[in-house]
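Heads up, work_24.pdb below (PDB, C-alpha atoms and all ligand atoms):
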```
ATOM      1  CA  MET A 262       3.408 -57.388   2.176
ATOM      2  CA  SER A 263       1.490 -55.580  -0.557
ATOM      3  CA  ARG A 264      -1.556 -53.601   0.432
ATOM      4  CA  LEU A 265      -4.907 -54.722  -1.028
ATOM      5  CA  TRP A 266      -7.232 -52.138  -2.583
ATOM      6  CA  LEU A 267     -10.802 -53.008  -3.558
ATOM      7  CA  ILE A 268     -12.498 -50.799  -6.123
ATOM      8  CA  VAL A 269     -16.269 -51.240  -6.297
ATOM      9  CA  PRO A 270     -17.932 -49.333  -9.141
ATOM     10  CA  ALA A 271     -21.486 -48.578  -7.975
ATOM     11  CA  ALA A 272     -22.249 -45.369  -9.845
ATOM     12  CA  GLY A 273     -24.479 -46.837 -12.542
ATOM     13  CA  VAL A 274     -28.163 -46.164 -13.005
ATOM     14  CA  GLY A 275     -29.084 -49.703 -14.149
ATOM     15  CA  ARG A 276     -31.529 -48.720 -16.919
ATOM     16  CA  ARG A 277     -32.050 -52.344 -18.017
ATOM     17  CA  MET A 278     -33.593 -53.121 -14.616
ATOM     18  CA  GLN A 279     -36.558 -50.785 -15.298
ATOM     19  CA  ALA A 280     -36.633 -50.108 -11.542
ATOM     20  CA  GLU A 281     -37.336 -46.916  -9.620
ATOM     21  CA  CYS A 282     -33.891 -46.821  -8.031
ATOM     22  CA  PRO A 283     -30.426 -47.865  -9.293
ATOM     23  CA  LYS A 284     -30.049 -51.659  -9.224
ATOM     24  CA  GLN A 285     -27.377 -51.599  -6.494
ATOM     25  CA  TYR A 286     -30.057 -50.320  -4.090
ATOM     26  CA  LEU A 287     -32.730 -52.909  -4.844
ATOM     27  CA  PRO A 288     -33.513 -55.200  -1.885
ATOM     28  CA  LEU A 289     -31.914 -58.636  -1.931
ATOM     29  CA  ALA A 290     -32.175 -61.148   0.937
ATOM     30  CA  GLY A 291     -32.461 -58.588   3.720
ATOM     31  CA  ARG A 292     -29.937 -56.068   2.424
ATOM     32  CA  THR A 293     -29.429 -54.002  -0.709
ATOM     33  CA  VAL A 294     -27.566 -55.528  -3.660
ATOM     34  CA  LEU A 295     -24.624 -53.219  -2.885
ATOM     35  CA  ALA A 296     -24.579 -54.212   0.805
ATOM     36  CA  GLN A 297     -24.596 -57.908  -0.121
ATOM     37  CA  SER A 298     -21.608 -57.385  -2.430
ATOM     38  CA  LEU A 299     -19.719 -55.442   0.244
ATOM     39  CA  VAL A 300     -20.318 -58.133   2.884
ATOM     40  CA  ARG A 301     -18.952 -60.764   0.475
ATOM     41  CA  LEU A 302     -15.810 -58.708  -0.110
ATOM     42  CA  HIS A 303     -15.365 -57.856   3.557
ATOM     43  CA  THR A 304     -15.722 -61.476   4.653
ATOM     44  CA  ALA A 305     -12.914 -62.462   2.289
ATOM     45  CA  PHE A 306     -10.713 -59.365   2.729
ATOM     46  CA  PRO A 307     -11.494 -57.638   6.061
ATOM     47  CA  ALA A 308      -8.246 -55.650   6.125
ATOM     48  CA  ALA A 309      -8.478 -54.276   2.574
ATOM     49  CA  THR A 310      -9.052 -50.616   1.728
ATOM     50  CA  LEU A 311     -12.337 -50.069  -0.106
ATOM     51  CA  CYS A 312     -12.827 -47.422  -2.797
ATOM     52  CA  LEU A 313     -16.547 -47.160  -3.406
ATOM     53  CA  CYS A 314     -17.506 -45.317  -6.597
ATOM     54  CA  LEU A 315     -20.892 -43.633  -6.258
ATOM     55  CA  ALA A 316     -22.819 -41.189  -8.411
ATOM     56  CA  GLN A 317     -22.361 -37.609  -7.208
ATOM     57  CA  ASP A 318     -26.136 -37.163  -6.878
ATOM     58  CA  ASP A 319     -26.663 -40.536  -5.132
ATOM     59  CA  THR A 320     -29.360 -40.080  -2.493
ATOM     60  CA  GLU A 321     -29.819 -43.767  -1.596
ATOM     61  CA  PHE A 322     -26.367 -44.507  -0.194
ATOM     62  CA  ASP A 323     -26.227 -45.490   3.469
ATOM     63  CA  ALA A 324     -22.729 -45.470   4.984
ATOM     64  CA  ASP A 325     -23.907 -47.963   7.630
ATOM     65  CA  ALA A 326     -23.970 -50.582   4.868
ATOM     66  CA  VAL A 327     -20.175 -50.380   4.528
ATOM     67  CA  PRO A 328     -18.536 -53.033   6.745
ATOM     68  CA  PHE A 329     -14.937 -51.912   6.067
ATOM     69  CA  ASP A 330     -12.963 -49.889   8.629
ATOM     70  CA  ASP A 331     -10.815 -48.343   5.928
ATOM     71  CA  TRP A 332     -12.865 -47.006   3.044
ATOM     72  CA  ARG A 333     -13.428 -43.919   0.978
ATOM     73  CA  ARG A 334     -16.116 -42.592  -1.341
ATOM     74  CA  ILE A 335     -15.109 -41.742  -4.907
ATOM     75  CA  ASP A 336     -17.233 -39.728  -7.341
ATOM     76  CA  GLY A 337     -18.057 -42.056 -10.230
ATOM     77  CA  GLY A 338     -17.960 -41.035 -13.893
ATOM     78  CA  ALA A 339     -20.222 -41.309 -16.932
ATOM     79  CA  GLU A 340     -19.258 -44.920 -17.713
ATOM     80  CA  ARG A 341     -18.034 -47.798 -15.552
ATOM     81  CA  ALA A 342     -14.504 -47.275 -16.875
ATOM     82  CA  ASP A 343     -14.629 -43.606 -15.836
ATOM     83  CA  SER A 344     -15.634 -44.643 -12.307
ATOM     84  CA  VAL A 345     -12.764 -47.141 -12.039
ATOM     85  CA  ALA A 346     -10.315 -44.625 -13.555
ATOM     86  CA  ALA A 347     -11.414 -42.027 -10.975
ATOM     87  CA  ALA A 348     -10.745 -44.490  -8.140
ATOM     88  CA  LEU A 349      -7.290 -45.374  -9.502
ATOM     89  CA  ALA A 350      -6.415 -41.679  -9.829
ATOM     90  CA  ALA A 351      -7.700 -40.988  -6.303
ATOM     91  CA  ILE A 352      -5.359 -43.552  -4.730
ATOM     92  CA  ALA A 353      -2.352 -42.912  -6.984
ATOM     93  CA  ALA A 354      -0.548 -40.761  -4.407
ATOM     94  CA  GLU A 355      -0.945 -43.412  -1.722
ATOM     95  CA  ALA A 356      -0.724 -46.757  -3.534
ATOM     96  CA  ALA A 357       2.620 -48.456  -4.120
ATOM     97  CA  ASP A 358       3.350 -49.768  -7.612
ATOM     98  CA  ASP A 359       3.111 -53.381  -6.495
ATOM     99  CA  ASP A 360      -0.006 -53.012  -4.343
ATOM    100  CA  LEU A 361      -2.814 -55.352  -5.375
ATOM    101  CA  VAL A 362      -6.025 -53.958  -6.837
ATOM    102  CA  LEU A 363      -9.228 -55.935  -7.311
ATOM    103  CA  VAL A 364     -12.210 -54.358  -9.074
ATOM    104  CA  HIS A 365     -15.621 -55.872  -8.345
ATOM    105  CA  ASP A 366     -18.987 -54.737  -9.705
ATOM    106  CA  ALA A 367     -21.492 -53.765  -7.017
ATOM    107  CA  ALA A 368     -24.036 -55.622  -9.135
ATOM    108  CA  ARG A 369     -22.424 -59.043  -8.471
ATOM    109  CA  PRO A 370     -23.611 -59.906  -4.945
ATOM    110  CA  CYS A 371     -23.277 -63.702  -5.274
ATOM    111  CA  VAL A 372     -19.500 -63.924  -5.660
ATOM    112  CA  ALA A 373     -18.262 -66.827  -3.513
ATOM    113  CA  PRO A 374     -15.476 -66.510  -0.898
ATOM    114  CA  ASP A 375     -13.585 -69.340  -2.548
ATOM    115  CA  ASP A 376     -13.503 -67.572  -5.911
ATOM    116  CA  LEU A 377     -12.362 -64.353  -4.231
ATOM    117  CA  ALA A 378      -9.465 -66.157  -2.558
ATOM    118  CA  ARG A 379      -8.382 -67.920  -5.770
ATOM    119  CA  LEU A 380      -8.579 -64.697  -7.764
ATOM    120  CA  LEU A 381      -6.458 -62.806  -5.240
ATOM    121  CA  ALA A 382      -3.858 -65.580  -5.355
ATOM    122  CA  ALA A 383      -3.773 -65.356  -9.157
ATOM    123  CA  VAL A 384      -3.481 -61.564  -9.153
ATOM    124  CA  SER A 385      -0.581 -61.844  -6.677
ATOM    125  CA  ALA A 386       1.207 -64.431  -8.805
ATOM    126  CA  GLU A 387       0.465 -63.327 -12.385
ATOM    127  CA  PRO A 388       2.511 -60.476 -13.893
ATOM    128  CA  ASP A 389      -0.326 -59.577 -16.322
ATOM    129  CA  GLY A 390      -3.214 -59.613 -13.831
ATOM    130  CA  ALA A 391      -6.160 -61.991 -13.672
ATOM    131  CA  LEU A 392      -9.946 -62.194 -13.815
ATOM    132  CA  LEU A 393     -12.706 -64.554 -12.799
ATOM    133  CA  ALA A 394     -14.382 -66.043 -15.862
ATOM    134  CA  VAL A 395     -16.453 -69.027 -16.985
ATOM    135  CA  PRO A 396     -16.200 -70.939 -20.267
ATOM    136  CA  VAL A 397     -19.136 -70.390 -22.645
ATOM    137  CA  ALA A 398     -21.439 -73.420 -22.480
ATOM    138  CA  ASP A 399     -24.223 -72.543 -24.940
ATOM    139  CA  THR A 400     -24.054 -72.560 -28.727
ATOM    140  CA  MET A 401     -23.415 -68.958 -29.765
ATOM    141  CA  LYS A 402     -25.525 -67.311 -32.510
ATOM    142  CA  ARG A 403     -24.840 -64.020 -34.278
ATOM    143  CA  ALA A 404     -28.062 -62.093 -34.917
ATOM    144  CA  ALA A 405     -28.851 -60.286 -38.164
ATOM    145  CA  ALA A 406     -30.612 -56.905 -38.056
ATOM    146  CA  ASP A 407     -34.029 -58.564 -38.639
ATOM    147  CA  GLY A 408     -33.651 -60.839 -35.599
ATOM    148  CA  ARG A 409     -32.875 -63.959 -37.642
ATOM    149  CA  VAL A 410     -29.728 -65.997 -37.221
ATOM    150  CA  ALA A 411     -26.871 -64.674 -39.345
ATOM    151  CA  GLY A 412     -24.521 -67.457 -38.300
ATOM    152  CA  THR A 413     -23.192 -69.729 -35.576
ATOM    153  CA  GLU A 414     -20.018 -68.648 -33.821
ATOM    154  CA  LEU A 415     -17.354 -71.097 -32.715
ATOM    155  CA  ARG A 416     -17.527 -71.214 -28.933
ATOM    156  CA  ASP A 417     -14.186 -73.009 -28.489
ATOM    157  CA  GLY A 418     -11.973 -70.886 -26.289
ATOM    158  CA  LEU A 419     -14.709 -68.347 -25.490
ATOM    159  CA  TRP A 420     -15.214 -67.280 -21.861
ATOM    160  CA  HIS A 421     -17.619 -64.946 -20.069
ATOM    161  CA  ALA A 422     -15.621 -62.321 -18.166
ATOM    162  CA  LEU A 423     -16.870 -61.842 -14.579
ATOM    163  CA  THR A 424     -15.504 -59.787 -11.679
ATOM    164  CA  PRO A 425     -13.401 -59.349  -9.637
ATOM    165  CA  GLN A 426     -10.629 -58.573 -12.067
ATOM    166  CA  GLY A 427      -7.312 -57.204 -10.917
ATOM    167  CA  ALA A 428      -3.630 -56.511 -11.239
ATOM    168  CA  ARG A 429      -0.772 -54.748  -9.496
ATOM    169  CA  PHE A 430      -1.587 -51.047  -9.072
ATOM    170  CA  ALA A 431       0.973 -49.571 -11.501
ATOM    171  CA  LEU A 432       0.099 -52.016 -14.270
ATOM    172  CA  LEU A 433      -3.621 -51.295 -14.032
ATOM    173  CA  TYR A 434      -3.274 -47.540 -13.588
ATOM    174  CA  ASP A 435      -0.923 -47.280 -16.577
ATOM    175  CA  ALA A 436      -3.283 -49.410 -18.674
ATOM    176  CA  TYR A 437      -6.294 -47.236 -17.817
ATOM    177  CA  ARG A 438      -4.402 -44.026 -18.562
ATOM    178  CA  ALA A 439      -3.108 -45.394 -21.873
ATOM    179  CA  ALA A 440      -6.593 -46.550 -22.887
ATOM    180  CA  SER A 441      -8.022 -43.149 -22.037
ATOM    181  CA  ALA A 442      -5.305 -41.387 -24.071
ATOM    182  CA  ARG A 443      -6.213 -43.603 -27.051
ATOM    183  CA  GLY A 444      -9.973 -43.054 -26.580
ATOM    184  CA  LEU A 445     -10.653 -46.772 -26.090
ATOM    185  CA  ALA A 446     -14.046 -47.723 -24.647
ATOM    186  CA  LEU A 447     -13.449 -50.246 -21.861
ATOM    187  CA  THR A 448     -16.008 -52.513 -20.242
ATOM    188  CA  ASP A 449     -13.595 -54.282 -17.911
ATOM    189  CA  GLU A 450     -10.065 -54.150 -16.473
ATOM    190  CA  ALA A 451      -8.787 -57.036 -18.596
ATOM    191  CA  SER A 452      -9.489 -55.126 -21.808
ATOM    192  CA  ALA A 453      -7.376 -52.209 -20.566
ATOM    193  CA  LEU A 454      -4.523 -54.635 -19.856
ATOM    194  CA  GLU A 455      -5.003 -56.429 -23.191
ATOM    195  CA  ALA A 456      -4.791 -53.115 -25.060
ATOM    196  CA  MET A 457      -1.306 -52.693 -23.529
ATOM    197  CA  GLY A 458      -0.270 -56.112 -24.877
ATOM    198  CA  HIS A 459      -0.708 -57.958 -21.584
ATOM    199  CA  ALA A 460      -2.469 -61.318 -21.300
ATOM    200  CA  PRO A 461      -4.379 -61.526 -18.007
ATOM    201  CA  GLN A 462      -4.909 -64.990 -16.529
ATOM    202  CA  LEU A 463      -8.426 -66.461 -16.803
ATOM    203  CA  VAL A 464      -9.388 -67.985 -13.453
ATOM    204  CA  ALA A 465     -12.312 -70.408 -13.781
ATOM    205  CA  GLY A 466     -14.995 -69.195 -11.408
ATOM    206  CA  ARG A 467     -18.464 -70.290 -10.343
ATOM    207  CA  ARG A 468     -21.348 -69.872 -12.783
ATOM    208  CA  ASP A 469     -23.574 -68.442 -10.062
ATOM    209  CA  ASN A 470     -21.545 -65.186  -9.869
ATOM    210  CA  LEU A 471     -24.257 -63.445 -11.853
ATOM    211  CA  LYS A 472     -24.474 -59.729 -12.563
ATOM    212  CA  ILE A 473     -27.837 -58.225 -11.663
ATOM    213  CA  THR A 474     -28.869 -56.690 -14.971
ATOM    214  CA  HIS A 475     -32.475 -57.585 -15.826
ATOM    215  CA  PRO A 476     -35.552 -57.729 -13.511
ATOM    216  CA  ASP A 477     -35.506 -61.576 -13.492
ATOM    217  CA  ASP A 478     -31.971 -61.609 -12.083
ATOM    218  CA  LEU A 479     -33.046 -60.505  -8.594
ATOM    219  CA  ALA A 480     -35.193 -63.597  -7.989
ATOM    220  CA  LEU A 481     -32.388 -65.796  -9.289
ATOM    221  CA  ALA A 482     -29.863 -64.055  -7.003
ATOM    222  CA  GLU A 483     -32.168 -64.695  -4.004
ATOM    223  CA  LEU A 484     -32.166 -68.402  -4.854
ATOM    224  CA  ILE A 485     -28.387 -68.478  -5.280
ATOM    225  CA  LEU A 486     -27.780 -66.739  -1.948
ATOM    226  CA  ALA A 487     -30.207 -69.107  -0.208
ATOM    227  CA  ALA A 488     -28.470 -72.129  -1.732
ATOM    228  CA  GLN A 489     -25.042 -70.785  -0.790
ATOM    229  CA  ALA A 490     -26.162 -69.974   2.780
ATOM    230  CA  GLY A 491     -26.105 -73.659   3.671
ATOM    231  CA  SER A 492     -22.532 -74.194   2.540
ATOM    232  CA  SER A 493     -19.654 -73.905   5.018
ATOM    233  CA  ASP A 494     -17.770 -71.071   3.270
ATOM    234  CA  SER A 495     -20.759 -68.766   2.909
ATOM    235  CA  PRO A 496     -20.696 -65.297   4.518
ATOM    236  CA  PRO A 497     -23.189 -64.564   7.304
ATOM    237  CA  THR A 498     -26.794 -63.766   6.467
ATOM    238  CA  ALA A 499     -28.104 -60.268   7.269
ATOM    239  CA  ALA A 500     -29.611 -61.533  10.561
ATOM    240  CA  GLN A 501     -26.417 -63.392  11.588
ATOM    241  CA  HIS A 502     -24.300 -60.362  10.685
ATOM    242  CA  LYS A 503     -26.464 -58.114  12.900
ATOM    243  CA  ALA A 504     -26.090 -60.525  15.814
ATOM    244  CA  LEU A 505     -22.293 -60.533  15.385
ATOM    245  CA  THR A 506     -21.873 -56.757  15.289
TER     246      THR A 506
HETATM  247  O1  LIG A 601     -24.191 -51.362 -16.174
HETATM  248  P1  LIG A 601     -23.267 -52.474 -15.773
HETATM  249  O2  LIG A 601     -23.999 -53.643 -15.207
HETATM  250  O3  LIG A 601     -22.281 -52.879 -16.810
HETATM  251  O4  LIG A 601     -22.404 -51.868 -14.582
HETATM  252  C1  LIG A 601     -21.418 -52.631 -13.927
HETATM  253  C2  LIG A 601     -21.029 -51.924 -12.627
HETATM  254  O5  LIG A 601     -20.438 -50.670 -12.919
HETATM  255  C3  LIG A 601     -22.245 -51.665 -11.724
HETATM  256  O6  LIG A 601     -21.907 -52.021 -10.397
HETATM  257  C4  LIG A 601     -22.482 -50.177 -11.891
HETATM  258  O7  LIG A 601     -23.025 -49.529 -10.742
HETATM  259  C5  LIG A 601     -21.065 -49.660 -12.165
HETATM  260  N1  LIG A 601     -21.044 -48.398 -12.929
HETATM  261  C6  LIG A 601     -20.321 -47.315 -12.419
HETATM  262  N2  LIG A 601     -20.310 -46.129 -13.101
HETATM  263  C7  LIG A 601     -21.013 -45.987 -14.241
HETATM  264  C8  LIG A 601     -21.724 -47.077 -14.777
HETATM  265  C9  LIG A 601     -21.718 -48.294 -14.109
HETATM  266  O8  LIG A 601     -19.700 -47.409 -11.355
HETATM  267  N3  LIG A 601     -21.011 -44.796 -14.844
END
```
Translate the structure of the given file into structure tokens.
Amino acid sequence: MSRLWLIVPAAGVGRRMQAECPKQYLPLAGRTVLAQSLVRLHTAFPAATLCLCLAQDDTEFDADAVPFDDWRRIDGGAERADSVAAALAAIAAEAADDDLVLVHDAARPCVAPDDLARLLAAVSAEPDGALLAVPVADTMKRAAADGRVAGTELRDGLWHALTPQGARFALLYDAYRAASARGLALTDEASALEAMGHAPQLVAGRRDNLKITHPDDLALAELILAAQAGSSDSPPTAAQHKALT
């Protein structure tokens, strides 16, 4: 069976949050945002190997918040893509070509276990990799420089790309190295794969898999986690988790 690697980029500073600490360390429902994301991943994939990308000068990180037995810390880079590339390079000597790699943003703590399972199944089955995504629901406007509407974009066929995204190790590592050699700026794994001519599979995910980006998002994430806590497939709350360990 292929080994599963989880890469969690958490080396950002989260400037749009206007907070005193990086957004992955803001408190959310009894844990930090990062700890919530890690518990979600661990509940779905307890035997996976975690590669956690952190800023070199990170002073907030608490290793007790990592529920995985098998994990390693990776020094993140200047951009998200540099952090992911560093993690791929760090495991290159150990990972087999057909190992599975999922990349999940630390800033998405509401990802549901069901979506994680469906995404992993797609990444295992699809030769070009796969990503969680949701179809665009709103009418899309293009803004002019003065803040007025320059036009309305066709939304047919448009999707929001979420995480996790993933592929077999060799495919993703090659794609990242090729993108770097060409100087391409990447904001997700799918774009690295697309640049190589691959067509990753869109896997329709839940709309509540939000990325904490703006100050309002934290309150919304609290509500989402509370709503999910009642459902049967939800991971344990911070208090339940403490009682279990
Ligand atoms: O800033 P943004 O929300 O796009 O970041 C997405 C994820 O990438 C976050 O979890 C953030 O911590 C991570 N990141 C990183 N290294 C960077 C920048 C962002 O690991 N240099």
For the file shown, report as an MDAnalysis selection string the outcome of the PyMOL selection byres (((chain A and resi 296) around 12) and not hetatm) at residue level.
-> chainID A and resid 269 271 284:295 297:303 313 321:329 366:371 498:499 502
Expected file contents, prior selection, C-alpha atoms, as a PDB file, keeping the file's coordinate frame:
```
ATOM      1  CA  VAL A 269     -16.269 -51.240  -6.297  1.00  0.00           C
ATOM      2  CA  ALA A 271     -21.486 -48.578  -7.975  1.00  0.00           C
ATOM      3  CA  LYS A 284     -30.049 -51.659  -9.224  1.00  0.00           C
ATOM      4  CA  GLN A 285     -27.377 -51.599  -6.494  1.00  0.00           C
ATOM      5  CA  TYR A 286     -30.057 -50.320  -4.090  1.00  0.00           C
ATOM      6  CA  LEU A 287     -32.730 -52.909  -4.844  1.00  0.00           C
ATOM      7  CA  PRO A 288     -33.513 -55.200  -1.885  1.00  0.00           C
ATOM      8  CA  LEU A 289     -31.914 -58.636  -1.931  1.00  0.00           C
ATOM      9  CA  ALA A 290     -32.175 -61.148   0.937  1.00  0.00           C
ATOM     10  CA  GLY A 291     -32.461 -58.588   3.720  1.00  0.00           C
ATOM     11  CA  ARG A 292     -29.937 -56.068   2.424  1.00  0.00           C
ATOM     12  CA  THR A 293     -29.429 -54.002  -0.709  1.00  0.00           C
ATOM     13  CA  VAL A 294     -27.566 -55.528  -3.660  1.00  0.00           C
ATOM     14  CA  LEU A 295     -24.624 -53.219  -2.885  1.00  0.00           C
ATOM     15  CA  GLN A 297     -24.596 -57.908  -0.121  1.00  0.00           C
ATOM     16  CA  SER A 298     -21.608 -57.385  -2.430  1.00  0.00           C
ATOM     17  CA  LEU A 299     -19.719 -55.442   0.244  1.00  0.00           C
ATOM     18  CA  VAL A 300     -20.318 -58.133   2.884  1.00  0.00           C
ATOM     19  CA  ARG A 301     -18.952 -60.764   0.475  1.00  0.00           C
ATOM     20  CA  LEU A 302     -15.810 -58.708  -0.110  1.00  0.00           C
ATOM     21  CA  HIS A 303     -15.365 -57.856   3.557  1.00  0.00           C
ATOM     22  CA  LEU A 313     -16.547 -47.160  -3.406  1.00  0.00           C
ATOM     23  CA  GLU A 321     -29.819 -43.767  -1.596  1.00  0.00           C
ATOM     24  CA  PHE A 322     -26.367 -44.507  -0.194  1.00  0.00           C
ATOM     25  CA  ASP A 323     -26.227 -45.490   3.469  1.00  0.00           C
ATOM     26  CA  ALA A 324     -22.729 -45.470   4.984  1.00  0.00           C
ATOM     27  CA  ASP A 325     -23.907 -47.963   7.630  1.00  0.00           C
ATOM     28  CA  ALA A 326     -23.970 -50.582   4.868  1.00  0.00           C
ATOM     29  CA  VAL A 327     -20.175 -50.380   4.528  1.00  0.00           C
ATOM     30  CA  PRO A 328     -18.536 -53.033   6.745  1.00  0.00           C
ATOM     31  CA  PHE A 329     -14.937 -51.912   6.067  1.00  0.00           C
ATOM     32  CA  ASP A 366     -18.987 -54.737  -9.705  1.00  0.00           C
ATOM     33  CA  ALA A 367     -21.492 -53.765  -7.017  1.00  0.00           C
ATOM     34  CA  ALA A 368     -24.036 -55.622  -9.135  1.00  0.00           C
ATOM     35  CA  ARG A 369     -22.424 -59.043  -8.471  1.00  0.00           C
ATOM     36  CA  PRO A 370     -23.611 -59.906  -4.945  1.00  0.00           C
ATOM     37  CA  CYS A 371     -23.277 -63.702  -5.274  1.00  0.00           C
ATOM     38  CA  THR A 498     -26.794 -63.766   6.467  1.00  0.00           C
ATOM     39  CA  ALA A 499     -28.104 -60.268   7.269  1.00  0.00           C
ATOM     40  CA  HIS A 502     -24.300 -60.362  10.685  1.00  0.00           C
TER      41      HIS A 502
END
```
Out of A:Leu463, A:Leu486, A:Ala347, A:Ala398, which residue has the shortest atom-to-atom distance to ligand LIG 601 (chain A) when counting only C-alpha atoms and all ligand atoms?
-> A:Ala347
Enclosing box along x, y and z for every listed atom of ligand LIG 601 (chain A), padded 4 Å each side, centre and size in Å, one decimal, as AutoDock Vina command-line options:
```
--center_x -21.9 --center_y -49.2 --center_z -13.6 --size_x 12.5 --size_y 16.8 --size_z 14.4
```
Which residues, named as in the file, does the PyMOL selection byres (((chain A and resi 348) around 9) and not hetatm) pick out? Answer as a JSON list (two decimals) with C-alpha atoms, in the frame of the given file.
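For reference, selection-v8.json as written:
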```
[["chain", "number", "residue", "atom", "x", "y", "z"],
["A", 268, "ILE", "CA", -12.50, -50.80, -6.12],
["A", 269, "VAL", "CA", -16.27, -51.24, -6.30],
["A", 270, "PRO", "CA", -17.93, -49.33, -9.14],
["A", 312, "CYS", "CA", -12.83, -47.42, -2.80],
["A", 313, "LEU", "CA", -16.55, -47.16, -3.41],
["A", 314, "CYS", "CA", -17.51, -45.32, -6.60],
["A", 334, "ARG", "CA", -16.12, -42.59, -1.34],
["A", 335, "ILE", "CA", -15.11, -41.74, -4.91],
["A", 336, "ASP", "CA", -17.23, -39.73, -7.34],
["A", 337, "GLY", "CA", -18.06, -42.06, -10.23],
["A", 343, "ASP", "CA", -14.63, -43.61, -15.84],
["A", 344, "SER", "CA", -15.63, -44.64, -12.31],
["A", 345, "VAL", "CA", -12.76, -47.14, -12.04],
["A", 346, "ALA", "CA", -10.32, -44.62, -13.56],
["A", 347, "ALA", "CA", -11.41, -42.03, -10.98],
["A", 349, "LEU", "CA", -7.29, -45.37, -9.50],
["A", 350, "ALA", "CA", -6.42, -41.68, -9.83],
["A", 351, "ALA", "CA", -7.70, -40.99, -6.30],
["A", 352, "ILE", "CA", -5.36, -43.55, -4.73],
["A", 353, "ALA", "CA", -2.35, -42.91, -6.98]]
```
Have a look at A:Val464, A:Leu432, A:Ala342, A:Ala439 and name the one nearest to ligand LIG 601 (chain A); count only C-alpha atoms and all ligand atoms.
-> A:Ala342
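Residue membership of the PyMOL selection byres (((chain A and resi 414) around 12) and not hetatm) in the shown file amounts to Val397, Asp399, Thr400, Met401, Lys402, Arg403, Ala404, Val410, Ala411, Gly412, Thr413, Leu415, Arg416, Asp417, Gly418 and Leu419 of chain A.
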Residue nearest Leu447 of chain A among A:Ala488, A:Val395, A:Glu340, A:Gly466 (counting all atoms listed in the file) = A:Glu340
Determine the nearest neighbour of ligand LIG 601 (chain A) from the options A:Asp469, A:Glu455, A:Asp435, A:Glu450, counting all atoms listed in the file.
-> A:Glu450
Between A:Arg443, A:Arg276, A:Arg333, A:Arg467, which one has atoms that come closest to ligand LIG 601 (chain A), using all atoms listed in the file?
-> A:Arg276
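Closest to Ala386 of chain A among A:Leu361, A:Leu315, A:Ala280, A:Leu445 is A:Leu361, based on only C-alpha atoms.
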Please, what distance in Å, to one decimal, runs between atom CA of Leu392 of chain A and atom CA of Ser492 of chain A?
->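 Between atom CA of Leu392 of chain A and atom CA of Ser492 of chain A the gap works out to 23.9 Å.
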Residue neighbourhood Asp376 of chain A, 10 Å, all atoms listed in the file, exclusion window fewer than 2 positions, as a PyMOL selection string = chain A and resi 305+372-374+378-382+393+424-425+464-467+470
A straight line from atom CA of Gln426 of chain A to atom CA of Pro461 of chain A spans 9.1 Å
Quick one: distance from atom CA of Asp389 of chain A to atom CA of Arg429 of chain A in Å, one decimal?
->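 Here the two named atoms are 8.4 Å from each other.
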From the coordinates I just gave you, please extract segment 462-470 of chain A so that only N, CA, C and O atoms remain, then output it as a PDB file, in the first residue's frame.
```
ATOM      1  N   GLN A 462      -8.449  16.338 -11.058  1.00  0.00           N
ATOM      2  CA  GLN A 462      -9.891  16.125 -10.909  1.00  0.00           C
ATOM      3  C   GLN A 462     -10.469  17.078  -9.856  1.00  0.00           C
ATOM      4  O   GLN A 462      -9.955  17.138  -8.736  1.00  0.00           O
ATOM      5  N   LEU A 463     -11.526  17.812 -10.227  1.00  0.00           N
ATOM      6  CA  LEU A 463     -12.249  18.630  -9.244  1.00  0.00           C
ATOM      7  C   LEU A 463     -13.165  17.721  -8.446  1.00  0.00           C
ATOM      8  O   LEU A 463     -13.959  16.974  -9.027  1.00  0.00           O
ATOM      9  N   VAL A 464     -13.049  17.765  -7.132  1.00  0.00           N
ATOM     10  CA  VAL A 464     -13.910  16.961  -6.257  1.00  0.00           C
ATOM     11  C   VAL A 464     -14.811  17.932  -5.494  1.00  0.00           C
ATOM     12  O   VAL A 464     -14.308  18.759  -4.718  1.00  0.00           O
ATOM     13  N   ALA A 465     -16.104  17.881  -5.757  1.00  0.00           N
ATOM     14  CA  ALA A 465     -17.028  18.841  -5.130  1.00  0.00           C
ATOM     15  C   ALA A 465     -17.013  18.679  -3.619  1.00  0.00           C
ATOM     16  O   ALA A 465     -17.303  17.601  -3.096  1.00  0.00           O
ATOM     17  N   GLY A 466     -16.629  19.738  -2.935  1.00  0.00           N
ATOM     18  CA  GLY A 466     -16.528  19.679  -1.478  1.00  0.00           C
ATOM     19  C   GLY A 466     -17.593  20.532  -0.815  1.00  0.00           C
ATOM     20  O   GLY A 466     -18.459  21.105  -1.487  1.00  0.00           O
ATOM     21  N   ARG A 467     -17.521  20.616   0.508  1.00  0.00           N
ATOM     22  CA  ARG A 467     -18.485  21.408   1.271  1.00  0.00           C
ATOM     23  C   ARG A 467     -18.095  22.881   1.205  1.00  0.00           C
ATOM     24  O   ARG A 467     -16.915  23.219   1.215  1.00  0.00           O
ATOM     25  N   ARG A 468     -19.124  23.733   1.205  1.00  0.00           N
ATOM     26  CA  ARG A 468     -18.895  25.184   1.132  1.00  0.00           C
ATOM     27  C   ARG A 468     -18.370  25.755   2.447  1.00  0.00           C
ATOM     28  O   ARG A 468     -17.895  26.881   2.492  1.00  0.00           O
ATOM     29  N   ASP A 469     -18.492  24.961   3.527  1.00  0.00           N
ATOM     30  CA  ASP A 469     -18.056  25.510   4.819  1.00  0.00           C
ATOM     31  C   ASP A 469     -16.564  25.250   5.101  1.00  0.00           C
ATOM     32  O   ASP A 469     -16.094  25.495   6.194  1.00  0.00           O
ATOM     33  N   ASN A 470     -15.828  24.779   4.106  1.00  0.00           N
ATOM     34  CA  ASN A 470     -14.375  24.575   4.245  1.00  0.00           C
ATOM     35  C   ASN A 470     -13.673  25.901   4.005  1.00  0.00           C
ATOM     36  O   ASN A 470     -12.908  26.062   3.063  1.00  0.00           O
TER      37      ASN A 470
END
```
